[in-house]
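Chemist: Here you go, my_file.txt (compact mmCIF, C-alpha atoms and all ligand atoms):
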```
# COMPACT_ATOMS: atom_id res chain seq x y z
CA MET U 1 77.61 101.44 148.84
CA SER U 2 79.59 100.06 151.81
CA GLU U 3 78.92 96.56 153.09
CA PRO U 4 78.88 95.74 156.81
CA ASN U 5 82.45 95.71 157.99
CA PRO U 6 83.39 93.54 161.00
CA SER U 7 86.64 95.43 161.42
CA LEU U 8 84.85 98.75 161.83
CA ALA U 9 85.22 98.85 165.61
CA VAL U 10 88.90 97.97 165.37
CA SER U 11 89.36 100.59 162.70
CA ALA U 12 87.72 103.18 164.87
CA PHE U 13 90.03 102.26 167.72
CA LEU U 14 93.12 102.44 165.53
CA PHE U 15 91.90 105.73 164.16
CA ALA U 16 91.62 107.15 167.66
CA MET U 17 95.08 105.87 168.55
CA ALA U 18 96.59 107.31 165.38
CA LEU U 19 94.91 110.63 166.05
CA ALA U 20 96.39 110.76 169.54
CA SER U 21 99.88 109.82 168.41
CA THR U 22 100.18 112.13 165.43
CA ALA U 23 98.11 115.13 166.42
CA GLN U 24 101.25 117.19 166.96
CA ALA U 25 103.45 115.66 164.29
CA GLY U 26 102.42 117.89 161.40
CA THR U 27 100.50 115.16 159.64
CA ALA U 28 96.80 114.52 159.49
CA VAL U 29 95.51 111.05 160.00
CA VAL U 30 95.38 108.36 157.39
CA VAL U 31 94.76 105.03 159.13
CA ASN U 32 97.22 102.33 158.08
CA GLY U 33 98.61 104.33 155.18
CA ASN U 34 101.80 102.26 155.34
CA PHE U 35 99.97 98.92 155.07
CA ASP U 36 102.30 97.31 157.61
CA THR U 37 100.47 93.99 157.95
CA SER U 38 97.04 94.34 156.36
CA LEU U 39 94.53 96.60 154.62
CA LEU U 40 92.82 97.35 157.93
CA GLY U 41 91.25 100.80 158.02
CA TRP U 42 90.43 100.88 154.29
CA ASP U 43 87.13 100.13 152.57
CA LEU U 44 87.66 97.52 149.87
CA SER U 45 85.67 97.08 146.69
CA GLY U 46 85.79 95.54 143.23
CA THR U 47 86.74 92.25 141.65
CA PRO U 48 89.43 91.08 141.98
CA ALA U 49 89.43 92.53 145.50
CA PRO U 50 92.54 94.40 146.63
CA THR U 51 94.94 92.36 148.76
CA TRP U 52 97.82 92.97 151.12
CA SER U 53 101.29 92.54 149.59
CA MET U 54 104.69 91.97 151.22
CA LEU U 55 106.25 94.48 148.79
CA ASP U 56 107.16 97.68 150.66
CA TYR U 57 108.14 100.98 149.02
CA GLN U 58 111.32 101.13 151.11
CA ASN U 59 111.92 97.36 151.13
CA ASN U 60 111.07 97.36 154.82
CA PRO U 61 110.70 93.70 155.84
CA GLY U 62 108.34 94.83 158.61
CA SER U 63 105.84 96.45 156.28
CA GLY U 64 104.01 95.88 153.02
CA SER U 65 101.65 97.60 150.62
CA ALA U 66 98.23 97.35 149.03
CA LEU U 67 97.94 95.43 145.76
CA LEU U 68 95.20 96.74 143.46
CA SER U 69 93.98 94.83 140.42
CA ASN U 70 92.00 95.75 137.33
CA ALA U 71 90.61 92.92 135.16
CA GLU U 72 87.85 94.88 133.43
CA ALA U 73 86.75 93.66 130.00
CA GLN U 74 86.40 97.10 128.45
CA ALA U 75 89.28 99.35 127.44
CA GLY U 76 90.13 102.45 129.43
CA ALA U 77 88.48 101.23 132.64
CA ARG U 78 89.34 102.87 135.95
CA LEU U 79 88.58 101.20 139.27
CA TYR U 80 88.89 102.55 142.81
CA PRO U 81 89.42 99.43 144.98
CA LEU U 82 90.48 101.30 148.14
CA ARG U 83 88.77 104.14 149.95
CA GLN U 84 89.15 105.88 153.30
CA CYS U 85 87.33 108.81 154.87
CA VAL U 86 89.91 110.81 156.82
CA SER U 87 89.05 113.34 159.53
CA LEU U 88 91.31 116.37 159.25
CA ALA U 89 92.22 118.23 162.42
CA THR U 90 92.67 121.65 160.86
CA ALA U 91 91.72 123.87 157.97
CA GLY U 92 94.13 125.35 155.48
CA SER U 93 96.85 123.99 153.24
CA HIS U 94 97.37 120.22 153.06
CA ALA U 95 98.96 117.72 150.69
CA ILE U 96 98.05 114.13 149.93
CA GLU U 97 100.99 111.90 149.13
CA ALA U 98 101.39 108.30 148.01
CA ASP U 99 103.95 105.99 146.46
CA GLY U 100 103.00 103.62 143.66
CA PHE U 101 104.52 100.67 141.81
CA LEU U 102 103.64 98.91 138.58
CA PRO U 103 105.73 95.98 137.30
CA ALA U 104 108.30 96.62 134.56
CA GLY U 105 106.83 96.12 131.12
CA HIS U 106 103.25 96.08 132.35
CA ALA U 107 100.33 96.50 129.99
CA GLY U 108 99.34 100.14 129.60
CA GLY U 109 97.86 101.77 132.65
CA ARG U 110 98.56 103.75 135.78
CA LEU U 111 97.67 104.18 139.42
CA VAL U 112 95.31 106.98 140.43
CA VAL U 113 94.94 109.02 143.63
CA SER U 114 91.67 110.94 143.92
CA PHE U 115 90.39 113.06 146.79
CA ALA U 116 87.56 115.36 147.82
CA THR U 117 86.94 117.34 150.99
CA ARG U 118 83.46 116.83 152.44
CA ALA U 119 81.42 118.21 155.32
CA VAL U 120 79.96 114.97 156.65
CA ALA U 121 81.92 112.58 158.89
CA ASP U 122 81.26 109.55 156.69
CA CYS U 123 82.34 111.48 153.57
CA SER U 124 78.84 111.50 152.13
CA GLY U 125 77.44 114.64 150.55
CA GLY U 126 78.94 117.23 148.28
CA ALA U 127 82.59 118.05 147.81
CA ASN U 128 84.51 121.29 148.17
CA SER U 129 88.21 120.94 147.26
CA LEU U 130 88.70 117.98 144.96
CA GLY U 131 91.32 116.63 142.62
CA GLY U 132 93.65 113.80 141.91
CA TYR U 133 96.75 112.64 140.09
CA PHE U 134 98.26 109.73 138.23
CA VAL U 135 101.19 107.71 139.50
CA GLN U 136 103.03 106.43 136.42
CA SER U 137 105.40 103.58 137.26
CA ASN U 138 107.31 100.98 135.28
CA GLY U 139 109.28 98.75 137.61
CA SER U 140 110.18 101.27 140.32
CA TRP U 141 108.37 103.09 143.11
CA VAL U 142 107.16 106.55 142.13
CA HIS U 143 106.16 109.27 144.59
CA GLY U 144 103.08 111.40 144.03
CA SER U 145 101.84 114.51 145.85
CA MET U 146 99.17 117.14 145.39
CA ASP U 147 98.30 120.19 147.47
CA PHE U 148 94.75 121.09 148.43
CA VAL U 149 93.00 123.49 150.78
CA VAL U 150 90.57 122.59 153.55
CA ASN U 151 87.75 125.11 153.95
CA PRO U 152 85.49 124.55 156.99
CA PRO U 153 83.13 122.82 157.34
CA PHE U 154 84.62 120.54 154.67
CA THR U 155 87.12 118.94 157.06
CA TYR U 156 86.71 115.29 156.00
CA LEU U 157 88.88 113.97 153.21
CA ASP U 158 87.49 111.29 150.93
CA VAL U 159 90.56 109.40 149.67
CA THR U 160 90.24 106.86 146.86
CA LEU U 161 93.07 104.82 145.39
CA GLY U 162 92.55 103.56 141.86
CA ILE U 163 94.04 101.64 138.97
CA GLU U 164 93.36 102.41 135.31
CA LYS U 165 93.96 99.93 132.47
CA ASP U 166 94.27 101.13 128.87
CA GLY U 167 93.56 97.90 127.01
CA ALA U 168 90.49 95.66 126.94
CA GLY U 169 90.68 92.47 128.98
CA GLY U 170 93.81 91.16 130.65
CA LEU U 171 94.94 91.99 134.17
CA LEU U 172 96.85 94.99 135.50
CA SER U 173 97.99 94.97 139.13
CA GLY U 174 99.93 97.59 141.04
CA ASN U 175 100.89 98.59 144.57
CA PHE U 176 100.20 101.62 146.73
CA ASP U 177 102.19 102.46 149.85
CA ALA U 178 102.98 105.41 152.16
CA VAL U 179 99.63 107.13 151.76
CA GLN U 180 99.62 110.20 153.97
CA VAL U 181 98.06 113.60 154.36
CA ILE U 182 100.45 116.41 155.27
CA ASP U 183 99.09 119.32 157.28
CA ARG U 184 101.21 122.15 155.96
CA GLU U 185 99.81 124.75 158.37
CA ARG U 186 100.81 122.61 161.36
CA ILE U 187 104.30 122.02 160.01
CA PHE U 188 104.88 125.74 159.55
CA ALA U 189 103.43 126.51 162.97
CA ASN U 190 105.83 124.07 164.63
CA GLY U 191 108.86 125.51 162.83
CA PHE U 192 109.99 122.23 161.27
CA GLU U 193 110.89 124.04 158.05
CA VAL U 194 112.99 126.63 159.88
CA ALA U 195 114.96 123.91 161.66
CA ASP U 196 115.90 122.42 158.31
CA LEU U 197 117.46 125.62 156.98
CA PRO U 198 121.28 125.86 156.90
CA CA U 201 104.63 99.92 153.66
```
Please lay out the structure from this file as structure tokens.
Ligand SMILES: [Ca+2]

Modeler:
Amino acid sequence: MSEPNPSLAVSAFLFAMALASTAQAGTAVVVNGNFDTSLLGWDLSGTPAPTWSMLDYQNNPGSGSALLSNAEAQAGARLYPLRQCVSLATAGSHAIEADGFLPAGHAGGRLVVSFATRAVADCSGGANSLGGYFVQSNGSWVHGSMDFVVNPPFTYLDVTLGIEKDGAGGLLSGNFDAVQVIDRERIFANGFEVADLP
């Protein structure tokens, strides 16, 4: 399914760097989930292809987002233009979060976050925990989150970001930003929650 990717080596490097920098921060590793300057680290597919956008979910001038498009002829079509296989450091309770934006007054449709835990490092093979959720937006950024459990050896998370269009024809485009996986076990272990109590 994947085509040869010249940025694979760079992605692997960034992945290793991200792993080193966030291993103790209570979050698992999504590479370039904030889309600061590009879509590096994500596998792209579909036509029109996803592109990088200057629009950031917090209006950060130093970051952007991923712009997904759906121009399918048939009604009710769902595409998954972005995918990433994430290696999770630990088992147990996690959450996958993302922020999404669709323009005000857009044709019917929504953004979609789907996930599955898998046992193989390239996210091939069967799934264990799986699920997903819609991000319904109409002119403002909307936050989405869903909990899931990692059961060894299914410690690789297959993350796909999609866009679903209700009508036939036309074009629906929307943005994803701030895609992250929260390691809830690690957060509890480090006492971050306790520190936040009054
Ligand atoms: Ca961003």

Chemist: Using 7 Å as the limit and counting all atoms listed in the file, can you tabulate each residue of chain U that touches ligand CA 201 (chain U), with its shortest atom-to-atom distance in Å and the two atoms involved, as CSV?

Modeler:
```
residue,atom,partner,partner_atom,distance
U:Asn34,CA,U:CA201,CA,4.0
U:Phe35,CA,U:CA201,CA,5.0
U:Asp36,CA,U:CA201,CA,5.3
U:Asp56,CA,U:CA201,CA,4.5
U:Tyr57,CA,U:CA201,CA,5.9
U:Ser63,CA,U:CA201,CA,4.5
U:Gly64,CA,U:CA201,CA,4.1
U:Ser65,CA,U:CA201,CA,4.8
U:Asp177,CA,U:CA201,CA,5.2
U:Ala178,CA,U:CA201,CA,5.9
```

Chemist: With distances taken over only C-alpha atoms, which residue among U:Thr37, U:Val29, U:Ser129, U:Ser53 lies nearest U:Ser93?

Modeler: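 Closest to U:Ser93 of all the choices is U:Ser129.
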
Chemist: Neighbouring residues of stretch 112-128 of chain U were defined as those with any atom within 8 Å, considering all atoms listed in the file; residues of the same chain fewer than 5 positions away were excluded. Please report them as a list in words.

Modeler: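 Residues near the query, excluding close chain neighbours: Cys85, Ser87, Ala98, Tyr133, Phe134, Val135, Val150, Asn151, Pro152, Pro153, Phe154, Thr155, Tyr156, Leu157, Asp158, Val159, Thr160, Leu161, Gly162, Ile163 and Glu164 of chain U.
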
Chemist: Pick from U:Leu82, U:Ala168, U:Val181, U:Phe176: nearest to U:Leu67, with all atoms listed in the file counted?

Modeler: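 Using all atoms listed in the file, U:Leu67 sits closest to U:Phe176.
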
Chemist: Could you pull the residues within 6 Å of stretch 42-47 of chain U, counting only C-alpha atoms, minus those fewer than 5 positions along the same chain, as a list in words?

Modeler: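 The neighbour list is Pro81, Leu82, Arg83 and Gln84 of chain U.
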
Chemist: Could you check the closest approach to U:Ala107 for each of U:Gly139, U:Ile182, U:Met146, U:Gly33 and tell me which residue wins, using all atoms listed in the file?

Modeler: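 Of U:Gly139, U:Ile182, U:Met146, U:Gly33, the one nearest U:Ala107 is U:Gly139, counting all atoms listed in the file.
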
Chemist: Atom CA of U:Pro61 and atom CA of U:Ser38, how far apart in Å?

Modeler: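 Interatomic distance here is 13.7 Å.
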
Chemist: May I ask for the distance between atom CA of U:Gly170 and atom CA of U:Gly41, given in Å to one decimal place?

Modeler: 29.1 Å

Chemist: For the atom pair atom CA of U:Asp183 and atom CA of U:Glu97, what is the interatomic distance in Å to one decimal place?

Modeler: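 A separation of 11.2 Å between them.
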
Chemist: U:Asn32, U:Thr90, U:Ser69, U:Asn138: which is nearest U:His106, counting only C-alpha atoms?

Modeler: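 Looking at the shortest contact to U:His106, the residue is U:Asn138.
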